[in-house]
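K.L.:
Structure below; questions to follow.
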Amino acid sequence: MKILVTGTAGFIGFHLCLALLKREYNVVGLDNINTYYDPLLKIARLKHSGIQEGELLYNKPYQSGTHQNYTFYKLDLADREALEDLFAKNKFDVVCHLAAQAGVRYSLENPYAYIESNITGFHNLIECVRAQNIRNFCFASTSSVYGLNTMMPFSEKHGTDHPVSLYAATKKSNELIAHAYSSMFGIPATGLRFFTVYGPWGRPDMALFKFVSSILENKPIEVYNYGDMKRDFTYVDDIVEGVRLVLDRPAAVNKNWDAKKPAADSSAVPYRIYNIGNGKPVALMDFIHTIENLLGKKAELEMLPMQPGDVYETYADTTALENDFGYKPAVDITTGIKRFIDWYRDYYRQ
């Protein structure tokens with residue numbers, strides 16, 4: 001099976017790519033390697049995947065030196081002609097779309113990046129999927145779509161019509177576009193709402209990376225809403241396993257779907273939405289104390305108010321993914337944080 005994975009220089013895409021390669025899938029990866037955060041980290045991920053070239057030319061295939069079943073392209077999803085050319089050169093069975101402009105707070109600084117990547121890029125990709133009759137299209141959504149909803153745990157059956165960030169709004173648009181294309185063209189589409197992913201090779205803009213870096217450098221850490229927050233932190237290996245399970249089984253029509261009482265998680269077309277999280281929210285201060293204990297060092301706390309676009313709590317109901325695919329997160333928060341710290345110390349030679 002030949003799989004296109006977008007965002008393979010990114011955090012989750014990198015880990016998924018390695019997992020698929022170990023199972024001997026044929027993987028084509030793409031990433032635009034933008035400067036939202038340190039591109040050297042993205043290049044290091046690619047090198048870890050066997051892509052050793054120093055300068056990556058645009059829209060040129062690079063063969064992994066360690067995985068003969070992996071080819072990488074530096075390519076921007078907003079470049080429709082380049083994307084169409086990629087699909088013309090390859091016959092994909094499955095497309096897993098993980099590339100996106102991430103981050104809630106950054107959308108306040110650079111909103112245009114979210115429209116270009118998350119809406120224009122998504123539409124360009126799904127048009128290529130439609131033209132090639134892909135048998136399974138899986139894409140990343142986010143827990144941020146739940147917005148103002150405070151009913152816990154978050155269920156796929158809940159409404160998601162009240163986003164509080166542009167990032168969340170663009171991801172909600174992805175879900176709607178995917179449903180429309182599933183309805184019009186029969187594309188089996190599955191959206192996965194990720195809940196606060198963390199782990200080795202993580203993004204520098206995420207809390208765990210920033211906290212560990214600042215504590216080790218004797219800098220204060222920014223604690224929003226004065227520490228009164230909870231997050232459903234999910235270890236990256238658990239996320240990757242959930243994605244892999246979904247890639248092996250395309251979405252199907254829900255034959256019991258009632259148009260008079262329309263369920264939000266499925267449809268009369270081959271379309272599904274799943275939460276993919278740990279299902280165990282952790283208080284932010286407990287998260288920080290765990291980091292302190294594992295580092296053997298106290299953090300200097302800078303207590304700040306809630307930031308625009310943030311929510312107080314996230315908590316995933318993963319019952320649907322467990323029932324349909326046997327998904328079961330396995331890594332507890334202490335183990336996951338320790339693995340990140342071990343990676344961080346090794347990567348930055350501390």
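In the structure tokens, the first chain shown is A, the next is B, and so on; residue numbers restart at 1 for each chain, and ligands run from 1 in the order shown.
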Contacts of range 195-199 of chain A at 7 Å or less, counting only C-alpha atoms, minus same-chain residues fewer than 5 places along, as a list in words?

P.N.:
Thr142, Ser143, Arg231, Asp232, Phe233, Thr234, Tyr235, Val236, Ile276, Gly277, Gly336, Ile337, Arg339 and Phe340 of chain A

K.L.:
What does the file look like for those residues with N, CA, C and O atoms, as a compact mmCIF listing (two decimals), in the first residue's frame?

P.N.:
# COMPACT_ATOMS: atom_id res chain seq x y z
N THR A 142 -8.63 18.86 15.50
CA THR A 142 -8.09 19.26 16.80
C THR A 142 -9.19 19.36 17.85
O THR A 142 -10.35 19.64 17.52
N SER A 143 -8.80 19.17 19.09
CA SER A 143 -9.75 19.36 20.20
C SER A 143 -10.19 20.81 20.31
O SER A 143 -11.21 21.11 20.93
N ARG A 231 -5.39 19.84 30.78
CA ARG A 231 -5.21 19.40 29.41
C ARG A 231 -5.17 17.87 29.35
O ARG A 231 -4.62 17.21 30.22
N ASP A 232 -5.76 17.34 28.27
CA ASP A 232 -5.73 15.89 28.03
C ASP A 232 -4.45 15.58 27.25
O ASP A 232 -4.47 15.37 26.04
N PHE A 233 -3.31 15.58 27.96
CA PHE A 233 -2.02 15.34 27.32
C PHE A 233 -1.97 13.91 26.79
O PHE A 233 -2.23 12.95 27.51
N THR A 234 -1.59 13.76 25.50
CA THR A 234 -1.58 12.45 24.86
C THR A 234 -0.22 12.18 24.25
O THR A 234 0.28 12.98 23.44
N TYR A 235 0.39 11.08 24.65
CA TYR A 235 1.74 10.75 24.17
C TYR A 235 1.71 10.43 22.69
O TYR A 235 0.78 9.78 22.18
N VAL A 236 2.74 10.85 21.98
CA VAL A 236 2.75 10.78 20.52
C VAL A 236 2.62 9.34 20.00
O VAL A 236 1.98 9.11 18.97
N ILE A 276 -9.10 11.54 19.48
CA ILE A 276 -7.96 10.69 19.76
C ILE A 276 -7.12 11.38 20.84
O ILE A 276 -6.41 12.34 20.58
N GLY A 277 -7.31 10.90 22.06
CA GLY A 277 -6.65 11.50 23.21
C GLY A 277 -6.34 10.46 24.25
O GLY A 277 -6.49 9.26 24.03
N GLY A 336 5.77 9.51 29.84
CA GLY A 336 5.88 10.31 28.63
C GLY A 336 6.78 11.52 28.80
O GLY A 336 7.61 11.82 27.93
N ILE A 337 6.64 12.22 29.92
CA ILE A 337 7.48 13.39 30.18
C ILE A 337 8.94 12.98 30.33
O ILE A 337 9.85 13.64 29.81
N ARG A 339 10.44 10.46 28.93
CA ARG A 339 10.99 10.15 27.61
C ARG A 339 11.31 11.42 26.84
O ARG A 339 12.32 11.49 26.13
N PHE A 340 10.47 12.45 27.00
CA PHE A 340 10.78 13.72 26.34
C PHE A 340 12.04 14.34 26.90
O PHE A 340 12.91 14.81 26.16

K.L.:
What is the CA of Thr6 in chain A to CA of Gly309 in chain A distance in Å?

P.N.:
25.9 Å

K.L.:
Closest to Glu302 in chain A among A:Lys219, A:His289, A:Lys210, A:Arg135, using only C-alpha atoms?

P.N.:
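Looking at the shortest contact to Glu302 in chain A, the residue is A:Lys219.
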
K.L.:
Do a neighbour search on Asp76 in chain A at 7 Å with only C-alpha atoms, toss out local chain neighbours closer than 3 positions, and write the hits as a list in words.

P.N.:
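Here the qualifying residues turn out to be Asp31, Asn32 and Asp79 of chain A.
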
K.L.:
Next, dump the selected residues to file, keeping only N, CA, C and O atoms, as an mmCIF file, in the first residue's frame.

P.N.:
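The result, written out as result-v7.cif:
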data_model
loop_
_atom_site.group_PDB
_atom_site.id
_atom_site.type_symbol
_atom_site.label_atom_id
_atom_site.label_comp_id
_atom_site.auth_asym_id
_atom_site.auth_seq_id
_atom_site.Cartn_x
_atom_site.Cartn_y
_atom_site.Cartn_z
ATOM 1 N N ASP A 31 6.583 18.131 3.020
ATOM 2 C CA ASP A 31 6.579 19.176 4.034
ATOM 3 C C ASP A 31 7.172 20.428 3.392
ATOM 4 O O ASP A 31 8.097 20.327 2.580
ATOM 5 N N ASN A 32 6.657 21.599 3.764
ATOM 6 C CA ASN A 32 7.241 22.822 3.208
ATOM 7 C C ASN A 32 8.390 23.379 4.056
ATOM 8 O O ASN A 32 9.055 24.330 3.663
ATOM 9 N N ASP A 79 0.661 25.330 -3.111
ATOM 10 C CA ASP A 79 1.122 25.321 -4.502
ATOM 11 C C ASP A 79 0.358 24.240 -5.261
ATOM 12 O O ASP A 79 0.768 23.080 -5.306
#

K.L.:
Write out as number ranges by chain the set of residues from range 102-308 of chain A that DSSP, computed on the backbone, places in strand (DSSP E or B).

P.N.:
A: 136-142, 154, 189-194, 197-198, 221-223, 230-231, 234-235, 271-276, 282-283, 301-303

K.L.:
Within 12 Å of Asn293 in chain A, counting only C-alpha atoms, which residues show up once you throw out same-chain ones fewer than 6 positions away? Write them as a list in words, please.

P.N.:
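Here the qualifying residues turn out to be Val212, Ile215, Asp286, Phe287, Ala299, Thr334, Ile337, Lys338 and Ile341 of chain A.
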
K.L.:
Just N, CA, C and O atoms for this one: save the residues we selected as a short mmCIF file (atom, residue, chain, number, x, y, z; two decimals), in the first residue's frame.

P.N.:
data_model
loop_
_atom_site.label_atom_id
_atom_site.label_comp_id
_atom_site.auth_asym_id
_atom_site.auth_seq_id
_atom_site.Cartn_x
_atom_site.Cartn_y
_atom_site.Cartn_z
N VAL A 212 10.47 22.68 29.88
CA VAL A 212 11.75 22.00 30.12
C VAL A 212 12.91 22.90 29.74
O VAL A 212 13.89 23.04 30.50
N ILE A 215 13.22 25.86 32.34
CA ILE A 215 13.70 25.44 33.66
C ILE A 215 15.19 25.13 33.62
O ILE A 215 15.94 25.54 34.51
N ASP A 286 -0.02 20.24 38.21
CA ASP A 286 0.49 18.88 38.40
C ASP A 286 1.47 18.51 37.29
O ASP A 286 2.49 17.84 37.53
N PHE A 287 1.18 18.95 36.09
CA PHE A 287 2.06 18.74 34.95
C PHE A 287 3.42 19.39 35.20
O PHE A 287 4.47 18.77 35.01
N ALA A 299 10.85 25.23 39.13
CA ALA A 299 10.57 26.21 38.09
C ALA A 299 10.28 27.57 38.72
O ALA A 299 9.67 27.66 39.79
N THR A 334 3.81 10.57 33.47
CA THR A 334 5.17 10.59 34.02
C THR A 334 6.16 9.91 33.07
O THR A 334 7.25 10.43 32.81
N ILE A 337 6.64 12.22 29.92
CA ILE A 337 7.48 13.39 30.18
C ILE A 337 8.94 12.98 30.33
O ILE A 337 9.85 13.64 29.81
N LYS A 338 9.19 11.87 31.02
CA LYS A 338 10.57 11.39 31.18
C LYS A 338 11.19 11.09 29.82
O LYS A 338 12.37 11.42 29.58
N ILE A 341 12.16 14.36 28.23
CA ILE A 341 13.34 14.96 28.87
C ILE A 341 14.61 14.23 28.44
O ILE A 341 15.64 14.85 28.15
#

K.L.:
Excluding same-chain residues fewer than 4 positions from range 170-183 of chain A, what lies within 9 Å of it counting only C-alpha atoms, as a PyMOL selection string?

P.N.:
chain A and resi 114-115+118-119+122-123+126-127+130+137+139-142+144-145+160-161+163+165-166+187-191+267-273

K.L.:
Could you please take those selected residues and save C-alpha atoms as a PDB file, in the first residue's frame?

P.N.:
ATOM      1  CA  TYR A 114      -3.734  29.747   8.667  1.00  0.00           C
ATOM      2  CA  ILE A 115      -5.944  30.581   5.692  1.00  0.00           C
ATOM      3  CA  ASN A 118      -5.232  25.120   6.555  1.00  0.00           C
ATOM      4  CA  ILE A 119      -7.930  26.146   4.079  1.00  0.00           C
ATOM      5  CA  PHE A 122      -6.496  21.512   2.479  1.00  0.00           C
ATOM      6  CA  HIS A 123      -8.739  22.226  -0.498  1.00  0.00           C
ATOM      7  CA  ILE A 126      -8.679  17.054  -1.278  1.00  0.00           C
ATOM      8  CA  GLU A 127      -9.138  18.064  -4.932  1.00  0.00           C
ATOM      9  CA  ARG A 130     -10.948  13.396  -5.578  1.00  0.00           C
ATOM     10  CA  PHE A 137      -8.496   9.962   3.228  1.00  0.00           C
ATOM     11  CA  PHE A 139      -6.911  14.114   8.169  1.00  0.00           C
ATOM     12  CA  ALA A 140      -5.912  15.784  11.421  1.00  0.00           C
ATOM     13  CA  SER A 141      -8.398  17.970  13.241  1.00  0.00           C
ATOM     14  CA  THR A 142      -8.093  19.259  16.799  1.00  0.00           C
ATOM     15  CA  SER A 144      -9.789  23.147  19.747  1.00  0.00           C
ATOM     16  CA  VAL A 145     -12.933  22.816  17.617  1.00  0.00           C
ATOM     17  CA  THR A 160     -18.582  22.424  17.447  1.00  0.00           C
ATOM     18  CA  ASP A 161     -20.089  25.653  16.169  1.00  0.00           C
ATOM     19  CA  PRO A 163     -14.676  28.114  18.040  1.00  0.00           C
ATOM     20  CA  SER A 165      -9.555  30.820  17.728  1.00  0.00           C
ATOM     21  CA  LEU A 166      -8.885  31.153  14.021  1.00  0.00           C
ATOM     22  CA  ILE A 187     -14.512   9.922  -0.734  1.00  0.00           C
ATOM     23  CA  PRO A 188     -14.109   7.879   2.488  1.00  0.00           C
ATOM     24  CA  ALA A 189     -12.956  10.587   4.907  1.00  0.00           C
ATOM     25  CA  THR A 190     -12.002  10.310   8.578  1.00  0.00           C
ATOM     26  CA  GLY A 191     -11.150  13.310  10.757  1.00  0.00           C
ATOM     27  CA  SER A 267     -23.211  10.537   8.281  1.00  0.00           C
ATOM     28  CA  ALA A 268     -25.222   8.940   5.503  1.00  0.00           C
ATOM     29  CA  VAL A 269     -22.004   9.267   3.477  1.00  0.00           C
ATOM     30  CA  PRO A 270     -18.620   7.584   4.182  1.00  0.00           C
ATOM     31  CA  TYR A 271     -17.446  10.111   6.763  1.00  0.00           C
ATOM     32  CA  ARG A 272     -16.423   9.796  10.406  1.00  0.00           C
ATOM     33  CA  ILE A 273     -15.012  11.994  13.155  1.00  0.00           C
TER      34      ILE A 273
END

K.L.:
Using only C-alpha atoms for the distances, tell me which of A:Leu21, A:Leu46, A:Leu247, A:Ala102 is nearest to Met206 in chain A.

P.N.:
A:Ala102

K.L.:
Show which residues sit within 9 Å of Arg105 in chain A, as a compact mmCIF listing (two decimals) with all heavy atoms, in the first residue's frame. Count only C-alpha atoms, and ignore same-chain residues fewer than 2 positions away.

P.N.:
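Dumped everything to out-v3.txt:
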# COMPACT_ATOMS: atom_id res chain seq x y z
N GLY A 103 -0.93 25.92 16.18
CA GLY A 103 -0.80 26.94 17.21
C GLY A 103 -2.00 27.85 17.32
O GLY A 103 -2.47 28.39 16.32
N SER A 107 -2.04 32.48 15.69
CA SER A 107 -3.07 32.96 14.76
C SER A 107 -3.42 34.43 15.01
O SER A 107 -3.97 35.10 14.14
CB SER A 107 -4.33 32.10 14.85
OG SER A 107 -4.94 32.22 16.12
N LEU A 108 -3.09 34.92 16.21
CA LEU A 108 -3.31 36.34 16.50
C LEU A 108 -2.25 37.20 15.81
O LEU A 108 -2.49 38.37 15.51
CB LEU A 108 -3.25 36.57 18.01
CG LEU A 108 -4.31 35.85 18.85
CD1 LEU A 108 -4.00 36.02 20.33
CD2 LEU A 108 -5.70 36.36 18.53
N GLU A 109 -1.08 36.62 15.56
CA GLU A 109 0.02 37.36 14.94
C GLU A 109 0.01 37.25 13.41
O GLU A 109 0.31 38.21 12.71
CB GLU A 109 1.36 36.83 15.46
CG GLU A 109 1.52 36.89 16.97
CD GLU A 109 2.79 36.19 17.41
OE1 GLU A 109 3.75 36.13 16.62
OE2 GLU A 109 2.82 35.68 18.55
N SER A 165 -10.81 30.44 18.37
CA SER A 165 -9.55 30.82 17.73
C SER A 165 -9.68 30.60 16.23
O SER A 165 -10.47 29.77 15.78
CB SER A 165 -8.38 30.00 18.27
OG SER A 165 -8.48 28.64 17.86
N TYR A 167 -7.39 29.28 14.42
CA TYR A 167 -6.89 27.92 14.20
C TYR A 167 -8.03 26.90 14.27
O TYR A 167 -8.19 26.06 13.38
CB TYR A 167 -5.81 27.60 15.23
CG TYR A 167 -5.40 26.14 15.27
CD1 TYR A 167 -4.79 25.55 14.18
CD2 TYR A 167 -5.62 25.37 16.41
CE1 TYR A 167 -4.41 24.21 14.21
CE2 TYR A 167 -5.23 24.05 16.46
CZ TYR A 167 -4.63 23.47 15.36
OH TYR A 167 -4.27 22.15 15.40
N GLN A 307 -5.11 33.49 27.96
CA GLN A 307 -4.80 34.10 26.68
C GLN A 307 -5.98 33.97 25.71
O GLN A 307 -6.74 33.00 25.77
CB GLN A 307 -3.58 33.43 26.06
CG GLN A 307 -2.31 33.63 26.86
CD GLN A 307 -1.87 35.08 26.88
OE1 GLN A 307 -1.41 35.61 25.88
NE2 GLN A 307 -2.01 35.72 28.03
N PRO A 308 -6.17 34.95 24.83
CA PRO A 308 -7.23 34.85 23.82
C PRO A 308 -7.09 33.57 23.00
O PRO A 308 -5.99 33.22 22.58
CB PRO A 308 -7.01 36.09 22.95
CG PRO A 308 -6.28 37.05 23.82
CD PRO A 308 -5.42 36.22 24.72
N GLY A 309 -8.19 32.88 22.81
CA GLY A 309 -8.18 31.65 22.03
C GLY A 309 -8.00 30.39 22.86
O GLY A 309 -8.23 29.29 22.37
N ASP A 310 -7.55 30.53 24.12
CA ASP A 310 -7.37 29.36 24.98
C ASP A 310 -8.69 28.92 25.61
O ASP A 310 -9.65 29.69 25.69
CB ASP A 310 -6.38 29.69 26.11
CG ASP A 310 -4.94 29.38 25.72
OD1 ASP A 310 -4.74 28.83 24.63
OD2 ASP A 310 -4.04 29.71 26.51

K.L.:
Neighbours of Tyr62 in chain A within 9 Å (only C-alpha atoms; same-chain residues fewer than 3 positions away dropped), as a list in words?

P.N.:
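Contacts, in chain order: Ile51, Gln52, Glu53, Leu56, Tyr70, Thr71, Phe72, Tyr73 and Lys74 of chain A.
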